[in-house]
$ cat target-v8.pdb   # PDB, C-alpha atoms and all ligand atoms
MODEL        1
ATOM      1  CA  MET A  26     -23.516  15.129 -44.336  1.00  0.00           C
ATOM      2  CA  PRO A  27     -23.967  15.945 -40.606  1.00  0.00           C
ATOM      3  CA  VAL A  28     -22.252  19.040 -39.200  1.00  0.00           C
ATOM      4  CA  LYS A  29     -19.254  18.815 -36.909  1.00  0.00           C
ATOM      5  CA  LEU A  30     -20.240  19.996 -33.414  1.00  0.00           C
ATOM      6  CA  ASP A  31     -18.230  22.635 -31.575  1.00  0.00           C
ATOM      7  CA  PRO A  32     -17.063  22.046 -27.977  1.00  0.00           C
ATOM      8  CA  ASP A  33     -20.060  23.883 -26.447  1.00  0.00           C
ATOM      9  CA  ALA A  34     -22.534  21.847 -28.490  1.00  0.00           C
ATOM     10  CA  ILE A  35     -20.692  18.642 -27.539  1.00  0.00           C
ATOM     11  CA  ALA A  36     -20.776  19.578 -23.842  1.00  0.00           C
ATOM     12  CA  SER A  37     -24.494  20.241 -23.805  1.00  0.00           C
ATOM     13  CA  ALA A  38     -25.404  17.138 -25.821  1.00  0.00           C
ATOM     14  CA  LEU A  39     -23.144  15.121 -23.507  1.00  0.00           C
ATOM     15  CA  ARG A  40     -25.017  16.328 -20.417  1.00  0.00           C
ATOM     16  CA  GLU A  41     -28.277  15.260 -22.001  1.00  0.00           C
ATOM     17  CA  LEU A  42     -26.900  11.868 -23.077  1.00  0.00           C
ATOM     18  CA  ASN A  43     -25.525  11.132 -19.617  1.00  0.00           C
ATOM     19  CA  MET A  44     -28.844  11.852 -17.898  1.00  0.00           C
ATOM     20  CA  THR A  45     -30.055   8.435 -19.053  1.00  0.00           C
ATOM     21  CA  ALA A  46     -26.771   6.537 -19.078  1.00  0.00           C
ATOM     22  CA  ALA A  47     -25.951   3.969 -16.376  1.00  0.00           C
ATOM     23  CA  THR A  48     -22.281   4.880 -16.803  1.00  0.00           C
ATOM     24  CA  PRO A  49     -21.210   8.181 -18.333  1.00  0.00           C
ATOM     25  CA  TRP A  50     -19.797   8.902 -21.750  1.00  0.00           C
ATOM     26  CA  GLU A  51     -16.763  11.159 -21.990  1.00  0.00           C
ATOM     27  CA  ALA A  52     -16.079  13.573 -24.788  1.00  0.00           C
ATOM     28  CA  ASP A  53     -13.177  15.454 -26.258  1.00  0.00           C
ATOM     29  CA  ALA A  54     -13.150  17.509 -29.425  1.00  0.00           C
ATOM     30  CA  GLY A  55     -12.492  14.384 -31.457  1.00  0.00           C
ATOM     31  CA  ALA A  56     -14.751  11.655 -30.100  1.00  0.00           C
ATOM     32  CA  LEU A  57     -17.230  10.296 -27.571  1.00  0.00           C
ATOM     33  CA  SER A  58     -15.879   7.409 -25.566  1.00  0.00           C
ATOM     34  CA  LYS A  59     -16.968   4.849 -23.031  1.00  0.00           C
ATOM     35  CA  THR A  60     -15.722   1.500 -21.776  1.00  0.00           C
ATOM     36  CA  PHE A  61     -18.550  -1.026 -21.397  1.00  0.00           C
ATOM     37  CA  ARG A  62     -17.857  -3.828 -18.897  1.00  0.00           C
ATOM     38  CA  PHE A  63     -19.553  -7.234 -18.861  1.00  0.00           C
ATOM     39  CA  LYS A  64     -19.543 -10.469 -16.887  1.00  0.00           C
ATOM     40  CA  ASP A  65     -17.388 -12.296 -19.412  1.00  0.00           C
ATOM     41  CA  PHE A  66     -16.319 -12.457 -23.068  1.00  0.00           C
ATOM     42  CA  VAL A  67     -19.587 -13.982 -24.276  1.00  0.00           C
ATOM     43  CA  GLU A  68     -21.589 -11.090 -22.816  1.00  0.00           C
ATOM     44  CA  ALA A  69     -19.176  -8.556 -24.289  1.00  0.00           C
ATOM     45  CA  PHE A  70     -19.290 -10.174 -27.710  1.00  0.00           C
ATOM     46  CA  GLY A  71     -23.086 -10.411 -27.555  1.00  0.00           C
ATOM     47  CA  PHE A  72     -23.165  -6.657 -26.985  1.00  0.00           C
ATOM     48  CA  MET A  73     -20.858  -6.125 -29.959  1.00  0.00           C
ATOM     49  CA  THR A  74     -23.051  -8.293 -32.173  1.00  0.00           C
ATOM     50  CA  ARG A  75     -26.161  -6.288 -31.296  1.00  0.00           C
ATOM     51  CA  ALA A  76     -24.244  -3.030 -31.622  1.00  0.00           C
ATOM     52  CA  ALA A  77     -23.039  -4.065 -35.084  1.00  0.00           C
ATOM     53  CA  LEU A  78     -26.636  -4.404 -36.296  1.00  0.00           C
ATOM     54  CA  ILE A  79     -27.479  -0.941 -34.963  1.00  0.00           C
ATOM     55  CA  ALA A  80     -24.356   0.506 -36.601  1.00  0.00           C
ATOM     56  CA  GLU A  81     -25.297  -1.019 -39.935  1.00  0.00           C
ATOM     57  CA  ALA A  82     -28.862   0.282 -39.694  1.00  0.00           C
ATOM     58  CA  LEU A  83     -27.550   3.798 -38.959  1.00  0.00           C
ATOM     59  CA  ASP A  84     -24.667   3.471 -41.441  1.00  0.00           C
ATOM     60  CA  HIS A  85     -22.517   4.823 -38.646  1.00  0.00           C
ATOM     61  CA  HIS A  86     -19.861   2.602 -37.124  1.00  0.00           C
ATOM     62  CA  PRO A  87     -17.924   2.544 -33.863  1.00  0.00           C
ATOM     63  CA  ASP A  88     -14.179   2.421 -33.427  1.00  0.00           C
ATOM     64  CA  TRP A  89     -13.780  -0.157 -30.698  1.00  0.00           C
ATOM     65  CA  ARG A  90     -11.502  -2.588 -28.965  1.00  0.00           C
ATOM     66  CA  ASN A  91     -12.504  -5.695 -27.071  1.00  0.00           C
ATOM     67  CA  VAL A  92     -10.403  -7.241 -24.327  1.00  0.00           C
ATOM     68  CA  TYR A  93     -12.155 -10.219 -22.703  1.00  0.00           C
ATOM     69  CA  ASN A  94     -15.132  -8.658 -20.843  1.00  0.00           C
ATOM     70  CA  ARG A  95     -14.438  -5.061 -21.827  1.00  0.00           C
ATOM     71  CA  VAL A  96     -15.443  -3.114 -24.931  1.00  0.00           C
ATOM     72  CA  GLU A  97     -13.746   0.258 -25.370  1.00  0.00           C
ATOM     73  CA  VAL A  98     -15.840   2.378 -27.707  1.00  0.00           C
ATOM     74  CA  ARG A  99     -14.870   5.597 -29.465  1.00  0.00           C
ATOM     75  CA  LEU A 100     -17.438   7.361 -31.604  1.00  0.00           C
ATOM     76  CA  SER A 101     -16.529   9.961 -34.180  1.00  0.00           C
ATOM     77  CA  THR A 102     -17.660  10.896 -37.651  1.00  0.00           C
ATOM     78  CA  HIS A 103     -14.731  10.140 -39.925  1.00  0.00           C
ATOM     79  CA  ASP A 104     -16.271  12.023 -42.849  1.00  0.00           C
ATOM     80  CA  VAL A 105     -16.041  15.359 -40.969  1.00  0.00           C
ATOM     81  CA  GLY A 106     -13.164  14.588 -38.588  1.00  0.00           C
ATOM     82  CA  GLY A 107     -15.065  15.186 -35.368  1.00  0.00           C
ATOM     83  CA  VAL A 108     -18.229  14.612 -33.368  1.00  0.00           C
ATOM     84  CA  THR A 109     -21.685  14.995 -34.954  1.00  0.00           C
ATOM     85  CA  SER A 110     -25.267  14.229 -33.955  1.00  0.00           C
ATOM     86  CA  LEU A 111     -24.764  10.775 -35.502  1.00  0.00           C
ATOM     87  CA  ASP A 112     -22.292   9.945 -32.739  1.00  0.00           C
ATOM     88  CA  PHE A 113     -24.795  10.979 -30.087  1.00  0.00           C
ATOM     89  CA  THR A 114     -27.513   8.913 -31.763  1.00  0.00           C
ATOM     90  CA  LEU A 115     -25.291   5.838 -31.873  1.00  0.00           C
ATOM     91  CA  ALA A 116     -24.162   6.416 -28.258  1.00  0.00           C
ATOM     92  CA  SER A 117     -27.716   6.475 -26.935  1.00  0.00           C
ATOM     93  CA  ARG A 118     -28.641   3.408 -28.986  1.00  0.00           C
ATOM     94  CA  LEU A 119     -25.667   1.526 -27.518  1.00  0.00           C
ATOM     95  CA  ASP A 120     -26.821   2.499 -24.032  1.00  0.00           C
ATOM     96  CA  THR A 121     -30.239   0.948 -24.705  1.00  0.00           C
ATOM     97  CA  LEU A 122     -28.489  -2.412 -25.203  1.00  0.00           C
ATOM     98  CA  ILE A 123     -27.329  -2.477 -21.610  1.00  0.00           C
ATOM     99  CA  ALA A 124     -30.284  -0.754 -19.953  1.00  0.00           C
ATOM    100  CA  PRO A 125     -32.414  -3.088 -17.833  1.00  0.00           C
ATOM    101  CA  SER A 126     -35.486  -3.983 -19.885  1.00  0.00           C
ATOM    102  CA  PRO A 127     -38.919  -3.519 -18.318  1.00  0.00           C
ATOM    103  CA  LEU A 128     -41.022  -6.651 -17.750  1.00  0.00           C
TER     104      LEU A 128
HETATM  105  N1  LIG A 201     -19.002   5.631 -39.514  1.00  0.00           N
HETATM  106  C1  LIG A 201     -18.409   6.610 -38.847  1.00  0.00           C
HETATM  107  N2  LIG A 201     -18.174   6.469 -37.534  1.00  0.00           N
HETATM  108  N3  LIG A 201     -18.043   7.733 -39.470  1.00  0.00           N
HETATM  109  C2  LIG A 201     -18.256   7.928 -40.771  1.00  0.00           C
HETATM  110  O1  LIG A 201     -17.922   8.991 -41.298  1.00  0.00           O
HETATM  111  C3  LIG A 201     -18.904   6.900 -41.487  1.00  0.00           C
HETATM  112  C4  LIG A 201     -19.253   5.716 -40.793  1.00  0.00           C
HETATM  113  N4  LIG A 201     -19.179   7.022 -42.772  1.00  0.00           N
HETATM  114  N5  LIG A 201     -19.813   4.686 -41.446  1.00  0.00           N
HETATM  115  C5  LIG A 201     -19.981   6.087 -43.487  1.00  0.00           C
HETATM  116  C6  LIG A 201     -19.952   4.696 -42.886  1.00  0.00           C
HETATM  117  C7  LIG A 201     -19.527   6.137 -44.930  1.00  0.00           C
HETATM  118  O2  LIG A 201     -18.178   5.756 -45.038  1.00  0.00           O
HETATM  119  C8  LIG A 201     -20.359   5.284 -45.854  1.00  0.00           C
HETATM  120  C9  LIG A 201     -19.847   5.353 -47.259  1.00  0.00           C
HETATM  121  O3  LIG A 201     -21.687   5.726 -45.778  1.00  0.00           O
ENDMDL
END

$ encode --input "target-v8.pdb" --output "structure tokens" --more "lines below"
Ligand code: H2B
Amino acid sequence: MPVKLDPDAIASALRELNMTAATPWEADAGALSKTFRFKDFVEAFGFMTRAALIAEALDHHPDWRNVYNRVEVRLSTHDVGGVTSLDFTLASRLDTLIAPSPL
């Protein structure tokens, strides 16, 4: 079971995460969150499909809401009632799905 991070640990991991993120994640004591925006619903749902495979592989799953071209993501570790390294791992993996891929 991963350990629940305290606010200082969350803040420093968040700085590191956001160094490579096209758009920043936000954090509170309870969760990491970001709204991903796409061209249309198909792009948004494609992202969710890829994200679902990553979540399954990690056995760590997002709380999320999709409205047309927008996917609102909240990451927390339900088992400990807070944010753990698993949430940061999933966050950075989700970012790789929208990063421009090299040729
Ligand atoms: N996802 C998230 N976000 N938090 C959890 O605590 C969690 C999970 N627990 N996915 C996993 C599944 C657990 O319920 C199973 C039994 O491994």

$ residues_around --input "target-v8.pdb" --residues "Asn43 in chain A" --least-positions-apart "2" --cutoff "12 Å" --atoms "only C-alpha atoms" --output "MDAnalysis selection string"
chainID A and resid 35:41 45:52 57:59 113 116:117 120

$ residues_near_ligand --input "target-v8.pdb" --ligand "ligand LIG 201 (chain A)" --cutoff "8 Å" --atoms "only C-alpha atoms and all ligand atoms" --output "JSON list (two decimals) with C-alpha atoms, in the frame of the given file"
[["chain", "number", "residue", "atom", "x", "y", "z"],
["A", 80, "ALA", "CA", -24.36, 0.51, -36.60],
["A", 84, "ASP", "CA", -24.67, 3.47, -41.44],
["A", 85, "HIS", "CA", -22.52, 4.82, -38.65],
["A", 86, "HIS", "CA", -19.86, 2.60, -37.12],
["A", 87, "PRO", "CA", -17.92, 2.54, -33.86],
["A", 88, "ASP", "CA", -14.18, 2.42, -33.43],
["A", 100, "LEU", "CA", -17.44, 7.36, -31.60],
["A", 101, "SER", "CA", -16.53, 9.96, -34.18],
["A", 102, "THR", "CA", -17.66, 10.90, -37.65],
["A", 103, "HIS", "CA", -14.73, 10.14, -39.92],
["A", 104, "ASP", "CA", -16.27, 12.02, -42.85],
["A", 105, "VAL", "CA", -16.04, 15.36, -40.97],
["A", 106, "GLY", "CA", -13.16, 14.59, -38.59],
["A", 112, "ASP", "CA", -22.29, 9.94, -32.74]]

$ closest_residue --input "target-v8.pdb" --among "A:Ala56, A:Thr109, A:Thr114, A:Ala124" --to "Pro27 in chain A" --atoms "all atoms listed in the file"
A:Thr109

$ residues_around --input "target-v8.pdb" --residues "Ala54 in chain A" --least-positions-apart "5" --cutoff "8 Å" --atoms "only C-alpha atoms" --output "list in words"
Asp31, Pro32, Ile35, Gly107 and Val108 of chain A

$ closest_residue --input "target-v8.pdb" --among "A:Val28, A:Leu111, A:Leu122, A:Pro127" --to "Gly71 in chain A" --atoms "only C-alpha atoms"
A:Leu122

$ axis_aligned_box --input "target-v8.pdb" --around "range 112-127 of chain A" --padding-each-side "4 Å" --output "AutoDock Vina command-line options"
--center_x -30.6 --center_y 3.5 --center_z -25.3 --size_x 24.6 --size_y 23.0 --size_z 22.9

$ atom_distance --input "target-v8.pdb" --atom1 "CA of Phe72 in chain A" --atom2 "CA of Pro125 in chain A"
13.5 Å

$ closest_residue --input "target-v8.pdb" --among "A:Leu42, A:Met26, A:Ser126, A:Leu119" --to "Met73 in chain A" --atoms "only C-alpha atoms"
A:Leu119

$ atom_distance --input "target-v8.pdb" --atom1 "CA of Leu83 in chain A" --atom2 "CA of Arg118 in chain A"
10.0 Å

$ atom_distance --input "target-v8.pdb" --atom1 "CA of Val96 in chain A" --atom2 "CA of Ser110 in chain A"
21.9 Å

$ closest_residue --input "target-v8.pdb" --among "A:Asp53, A:Leu128, A:Leu115, A:Ala34" --to "Leu78 in chain A" --atoms "all atoms listed in the file"
A:Leu115

$ residues_around --input "target-v8.pdb" --residues "Thr60 in chain A" --least-positions-apart "3" --cutoff "8 Å" --atoms "all atoms listed in the file" --output "number ranges by chain"
A: 95-98
